[in-house]
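> Provided herewith: work10.txt, compact mmCIF, C-alpha atoms and all ligand atoms.
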```
# COMPACT_ATOMS: atom_id res chain seq x y z
CA MET A 479 0.00 0.00 0.00
CA THR A 480 1.74 3.22 -1.09
CA LEU A 481 -0.98 5.67 -0.08
CA LYS A 482 -1.60 6.88 3.47
CA LEU A 483 -4.38 9.40 4.11
CA TYR A 484 -4.45 11.46 7.31
CA ALA A 485 -8.08 12.38 7.68
CA HIS A 486 -11.15 12.44 9.87
CA PRO A 487 -14.46 11.08 8.56
CA PHE A 488 -16.49 14.09 9.78
CA SER A 489 -14.27 16.71 8.12
CA SER A 490 -15.64 18.31 4.98
CA TYR A 491 -12.28 18.62 3.19
CA CYS A 492 -11.51 14.99 4.03
CA GLN A 493 -14.87 13.92 2.59
CA LYS A 494 -13.91 15.76 -0.60
CA VAL A 495 -10.82 13.58 -1.01
CA LEU A 496 -12.54 10.41 0.25
CA THR A 497 -15.20 10.90 -2.44
CA ALA A 498 -12.44 10.99 -5.09
CA LEU A 499 -10.77 7.88 -3.64
CA TYR A 500 -14.07 5.98 -3.45
CA GLU A 501 -15.01 7.02 -7.03
CA ASN A 502 -12.03 5.05 -8.26
CA GLY A 503 -11.88 2.35 -5.59
CA THR A 504 -8.30 3.48 -4.88
CA PRO A 505 -6.82 1.48 -1.97
CA PHE A 506 -5.22 3.50 0.84
CA GLU A 507 -4.29 3.26 4.51
CA TYR A 508 -6.65 5.42 6.57
CA ARG A 509 -4.71 7.23 9.33
CA THR A 510 -7.71 8.48 11.28
CA LEU A 511 -7.04 11.67 13.19
CA ASP A 512 -8.65 10.48 16.40
CA ASN A 513 -5.56 9.69 18.44
CA PRO A 514 -2.35 11.45 19.59
CA GLN A 515 -0.08 9.29 17.40
CA SER A 516 -1.81 10.16 14.10
CA ASN A 517 -2.15 13.80 15.15
CA ALA A 518 1.59 14.01 15.92
CA GLU A 519 2.42 12.40 12.56
CA LEU A 520 0.18 14.93 10.80
CA GLU A 521 1.84 17.85 12.56
CA ALA A 522 5.30 16.56 11.64
CA LEU A 523 4.24 16.23 8.00
CA TRP A 524 2.40 19.55 7.71
CA PRO A 525 3.06 22.09 10.47
CA ILE A 526 0.08 24.13 9.21
CA LYS A 527 -1.96 21.30 10.83
CA ARG A 528 -4.80 21.25 8.31
CA PHE A 529 -6.11 18.02 6.89
CA PRO A 530 -6.45 15.90 4.80
CA VAL A 531 -2.82 15.10 4.02
CA LEU A 532 -1.76 12.28 1.72
CA VAL A 533 1.57 10.47 1.86
CA ASP A 534 2.42 8.69 -1.36
CA ASP A 535 5.50 6.52 -1.11
CA GLY A 536 7.23 9.05 1.14
CA ARG A 537 6.00 12.15 -0.69
CA THR A 538 3.71 14.43 1.31
CA VAL A 539 0.80 15.97 -0.58
CA MET A 540 -1.43 18.54 1.08
CA GLU A 541 -4.55 20.53 0.11
CA ALA A 542 -7.63 18.56 -0.96
CA SER A 543 -7.67 19.71 -4.60
CA ILE A 544 -3.95 19.03 -5.04
CA ILE A 545 -4.41 15.58 -3.51
CA ILE A 546 -7.20 14.81 -5.99
CA GLU A 547 -5.09 16.05 -8.91
CA HIS A 548 -2.13 14.02 -7.60
CA LEU A 549 -4.29 10.89 -7.48
CA GLY A 550 -5.42 11.48 -11.07
CA LEU A 551 -1.80 11.79 -12.23
CA HIS A 552 -0.18 9.02 -10.21
CA HIS A 553 -3.01 6.59 -9.42
CA PRO A 554 -5.55 7.03 -12.22
CA GLY A 555 -8.70 4.93 -12.11
CA PRO A 556 -11.72 4.50 -14.38
CA VAL A 557 -13.28 7.81 -13.28
CA LYS A 558 -11.32 10.78 -14.57
CA LEU A 559 -12.03 13.67 -12.20
CA LEU A 560 -10.06 16.22 -14.26
CA PRO A 561 -10.48 16.23 -18.04
CA ASP A 562 -7.35 15.89 -20.19
CA ASP A 563 -8.31 18.96 -22.21
CA ALA A 564 -6.67 21.96 -20.50
CA ARG A 565 -9.56 24.33 -21.21
CA ALA A 566 -12.16 21.90 -19.89
CA ALA A 567 -9.94 21.33 -16.83
CA LEU A 568 -10.00 25.07 -16.16
CA ASP A 569 -13.81 24.98 -15.92
CA VAL A 570 -13.53 22.20 -13.34
CA ARG A 571 -10.92 24.12 -11.35
CA LEU A 572 -13.07 27.25 -11.38
CA MET A 573 -16.05 25.39 -9.91
CA ASP A 574 -13.75 23.63 -7.42
CA ARG A 575 -12.49 27.06 -6.27
CA PHE A 576 -16.08 28.33 -6.14
CA PHE A 577 -17.15 25.57 -3.74
CA ASP A 578 -14.05 25.86 -1.54
CA ASN A 579 -13.97 29.65 -1.34
CA TYR A 580 -17.62 30.66 -1.39
CA VAL A 581 -19.44 27.68 0.15
CA MET A 582 -16.95 25.69 2.27
CA THR A 583 -15.23 28.76 3.77
CA PRO A 584 -18.39 30.61 4.92
CA MET A 585 -19.91 27.30 6.09
CA GLN A 586 -16.82 26.62 8.22
CA LYS A 587 -16.89 30.19 9.57
CA ILE A 588 -20.42 29.63 10.89
CA VAL A 589 -19.56 26.18 12.31
CA LEU A 590 -16.35 27.33 13.98
CA ASP A 591 -18.07 30.33 15.55
CA HIS A 592 -20.10 27.84 17.58
CA LEU A 593 -16.90 26.38 19.04
CA ARG A 594 -15.96 29.73 20.54
CA SER A 595 -17.03 30.81 23.99
CA GLU A 596 -19.94 33.27 24.00
CA LYS A 597 -17.66 36.24 24.60
CA ASP A 598 -15.34 35.38 21.69
CA ARG A 599 -18.08 34.90 19.09
CA ASP A 600 -17.99 36.97 15.92
CA PRO A 601 -21.61 37.79 15.00
CA CYS A 602 -20.54 40.24 12.31
CA GLY A 603 -18.28 37.64 10.62
CA ALA A 604 -21.00 35.00 10.88
CA SER A 605 -23.58 37.28 9.31
CA GLU A 606 -21.14 38.11 6.46
CA ALA A 607 -20.67 34.37 5.96
CA ARG A 608 -24.46 33.90 5.70
CA ALA A 609 -24.67 36.71 3.14
CA MET A 610 -21.91 35.04 1.12
CA LEU A 611 -23.77 31.71 1.21
CA ASP A 612 -26.91 33.44 -0.07
CA ARG A 613 -24.96 34.95 -2.97
CA ALA A 614 -23.25 31.62 -3.71
CA TYR A 615 -26.53 29.65 -3.63
CA ALA A 616 -28.21 32.15 -5.99
CA TRP A 617 -25.31 32.16 -8.48
CA LEU A 618 -25.10 28.37 -8.37
CA ASP A 619 -28.83 28.00 -9.03
CA ASP A 620 -28.44 29.97 -12.29
CA THR A 621 -25.20 28.22 -13.21
CA LEU A 622 -26.66 24.74 -12.80
CA ALA A 623 -29.29 25.32 -15.50
CA GLY A 624 -29.05 22.38 -17.91
CA ARG A 625 -26.30 20.67 -15.90
CA GLU A 626 -26.47 17.40 -14.02
CA TRP A 627 -23.13 17.99 -12.29
CA ALA A 628 -21.08 21.12 -11.52
CA VAL A 629 -19.63 21.59 -15.01
CA GLY A 630 -22.00 19.54 -17.16
CA ASN A 631 -22.92 15.91 -17.44
CA THR A 632 -19.72 14.36 -16.09
CA PHE A 633 -18.86 13.95 -12.40
CA THR A 634 -15.56 15.76 -11.67
CA MET A 635 -13.36 17.08 -8.88
CA ALA A 636 -15.71 20.07 -8.64
CA ASP A 637 -18.49 17.69 -7.52
CA CYS A 638 -16.15 16.20 -4.91
CA ALA A 639 -15.82 19.76 -3.54
CA ALA A 640 -19.53 20.51 -3.93
CA ALA A 641 -20.75 17.44 -2.06
CA PRO A 642 -19.47 18.11 1.49
CA SER A 643 -19.66 21.90 1.16
CA LEU A 644 -23.35 21.94 0.18
CA PHE A 645 -24.08 19.08 2.58
CA TYR A 646 -22.91 21.01 5.64
CA ALA A 647 -23.78 24.50 4.34
CA ASP A 648 -27.44 23.49 4.10
CA TRP A 649 -27.30 22.37 7.73
CA VAL A 650 -26.07 25.75 8.98
CA HIS A 651 -27.81 28.00 6.44
CA PRO A 652 -30.59 26.18 4.59
CA ILE A 653 -30.77 26.49 0.81
CA GLY A 654 -34.03 28.34 0.04
CA GLU A 655 -36.93 26.31 -1.33
CA ALA A 656 -37.04 28.42 -4.48
CA LEU A 657 -33.50 27.34 -5.40
CA THR A 658 -34.63 24.01 -6.76
CA ARG A 659 -31.58 23.38 -8.95
CA VAL A 660 -29.21 23.66 -5.99
CA ARG A 661 -31.47 21.58 -3.76
CA ASP A 662 -31.83 18.86 -6.42
CA TYR A 663 -28.09 18.91 -7.10
CA ARG A 664 -27.39 18.42 -3.37
CA GLN A 665 -29.71 15.41 -3.41
CA ARG A 666 -27.95 13.97 -6.48
CA LEU A 667 -24.63 14.35 -4.67
CA LEU A 668 -26.02 12.59 -1.59
CA ALA A 669 -27.18 9.72 -3.80
CA ARG A 670 -23.78 9.30 -5.45
CA PRO A 671 -22.35 6.08 -3.90
CA SER A 672 -18.86 7.54 -3.28
CA PHE A 673 -20.18 10.50 -1.30
CA ALA A 674 -22.97 8.45 0.34
CA ARG A 675 -20.23 6.20 1.72
CA ALA A 676 -18.32 9.18 3.14
CA VAL A 677 -21.53 10.49 4.73
CA ASP A 678 -22.30 7.07 6.23
CA GLU A 679 -18.82 6.77 7.72
CA ALA A 680 -19.31 10.14 9.41
CA ARG A 681 -22.73 9.36 10.95
CA PRO A 682 -21.32 8.33 14.36
CA PHE A 683 -19.86 11.85 14.75
CA ARG A 684 -23.00 13.86 14.08
CA GLN A 685 -23.59 14.41 17.75
CA PHE A 686 -20.39 16.50 17.79
CA PHE A 687 -21.49 18.93 15.05
CA PRO A 688 -20.99 22.24 16.89
CA PRO A 689 -24.26 23.98 15.88
CA GLY A 690 -26.19 20.68 16.29
CA ALA A 691 -26.95 18.36 13.35
CA PRO A 692 -30.48 18.32 11.95
CA ASP A 693 -32.40 15.05 11.95
CA ARG A 694 -32.17 14.41 8.20
CA ASP A 695 -29.80 13.36 5.39
N1 LIG B 701 -7.27 24.42 2.24
C1 LIG B 701 -7.31 23.16 2.94
C2 LIG B 701 -8.33 23.28 4.05
C3 LIG B 701 -8.33 22.07 4.96
C4 LIG B 701 -9.12 22.32 6.24
O1 LIG B 701 -9.52 23.45 6.59
N2 LIG B 701 -9.34 21.23 6.95
C5 LIG B 701 -10.01 21.32 8.24
C6 LIG B 701 -10.87 20.10 8.44
S1 LIG B 701 -12.26 20.14 7.34
C7 LIG B 701 -8.96 21.34 9.32
O2 LIG B 701 -7.83 20.97 9.09
N3 LIG B 701 -9.33 21.77 10.52
C8 LIG B 701 -8.43 21.75 11.63
C9 LIG B 701 -8.35 23.06 12.34
O3 LIG B 701 -9.03 24.00 11.91
O4 LIG B 701 -7.61 23.13 13.32
C10 LIG B 701 -7.64 22.03 1.96
O5 LIG B 701 -8.17 22.31 0.87
O6 LIG B 701 -7.32 20.86 2.22
```
When written as structure tokens, how does the structure in this file appear?
Ligand SMILES: N[C@@H](CCC(=O)N[C@@H](CS)C(=O)NCC(=O)O)C(=O)O


Amino acid sequence: MTLKLYAHPFSSYCQKVLTALYENGTPFEYRTLDNPQSNAELEALWPIKRFPVLVDDGRTVMEASIIIEHLGLHHPGPVKLLPDDARAALDVRLMDRFFDNYVMTPMQKIVLDHLRSEKDRDPCGASEARAMLDRAYAWLDDTLAGREWAVGNTFTMADCAAAPSLFYADWVHPIGEALTRVRDYRQRLLARPSFARAVDEARPFRQFFPPGAPDRD
């Protein structure tokens, strides 16, 4: 086994990479970040202490999108998550950035605010994050017209980013009922076996979701 993934099942960025791994049935050793040993190994590998981190035959690869691109280059499987055509790949990268920057980031801001003590909370930052999610949901609803997946009719890295970001974002700031394309897209992502598996593996941790997990999904 050449691949080792430092990850936690409940983490959104880890679910992004797990979805890519499960899409292709890529074997890997799961170094779950639930014990001091794995956490110390992670910190030694990546002092920034963000996860997931992949180790491939001694080479450390960090950042979820870079890990997915690395897997496509060095461990390709039947499902190509980045198209070979450079222009088409740019469309995928744009949507991947969209989900990380404008859905995942504000979602995490709202979640992390709940971990702070009352006196350290940042209501202004949280309300800016909610406004960003509203803008992102509205733009996405228009953009998804005529598309099954983020960039068209093929499942790509952008959908790996979309799945956990929309999954958790809807928990903290529900997608409005009028935004049917975004709501339907979220349901399609939840039905995709690779992401459904990641969601199932994270079920035991729902009780720890800082704002409280809703009784659905
Ligand atoms: N830009 C990083 C973000 C990774 C990230 O924020 N991971 C979260 C878990 S979802 C984390 O490491 N949290 C630990 C912390 O905030 O201390 C990526 O794309 O992989």

> Using only C-alpha atoms - which residues lie no farther than 10 Å from the point (-6.4, 13.3, -9.6) in the file's frame? Write them as a list of chain:residue names.

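Checked against the point, the hits come out as A:Val495, A:Ala498, A:Leu499, A:Ser543, A:Ile544, A:Ile545, A:Ile546, A:Glu547, A:His548, A:Leu549, A:Gly550, A:Leu551, A:His552, A:His553, A:Pro554, A:Gly555, A:Val557, A:Lys558, A:Leu559, A:Leu560, A:Pro561, A:Thr634, A:Met635.
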
> Taking all atoms listed in the file into account, which residues have an atom no farther than 10 Å from ligand LIG 701 (chain B)? I'd like them as an MDAnalysis selection string.

chainID A and resid 485:495 526:531 539:545 575 578:579 582:583 586 590 639 642:643

> Could you name the residues that touch stretch 598-610 of chain A at 7 Å or less, counting only C-alpha atoms, but leaving out those on the same chain fewer than 2 positions away, as a PyMOL selection string?

chain A and resi 580+584+587-588+591+594-596+612-614+651

> Quick one: pull the distance between atom CA of A:Ser516 and atom CA of A:Phe645, Å, one decimal.

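So the answer is 26.6 Å.
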
> Can you tell me, as a list in words, what residues are no more than 7 Å from A:Leu667 when counting all atoms listed in the file, ignoring any on the same chain fewer than 4 positions away?

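Residues near the query, excluding close chain neighbours: Ala641, Tyr663 and Phe673 of chain A.
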
> By how many Å are atom CA of A:Gly624 and atom CA of A:Asn502 apart?

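Distance between the two atoms: 26.1 Å.
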
> Expressed in Å to a single decimal, how great is the separation between atom CA of A:Tyr615 and atom CA of A:Arg565?

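Distance between the two atoms: 25.0 Å.
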
> Select all residues near (-7.6, 0.2, -2.1) (cut-off 12 Å, inclusive, file coordinates), counting only C-alpha atoms, and output them as JSON, numbers by chain.

{"A": [479, 480, 481, 482, 483, 496, 499, 500, 501, 502, 503, 504, 505, 506, 507, 508, 553, 555]}

> Pick the closest to A:Asp678 from A:Met573, A:Asp695, A:Met585, A:Arg661: which is it, counting only C-alpha atoms?

A:Asp695
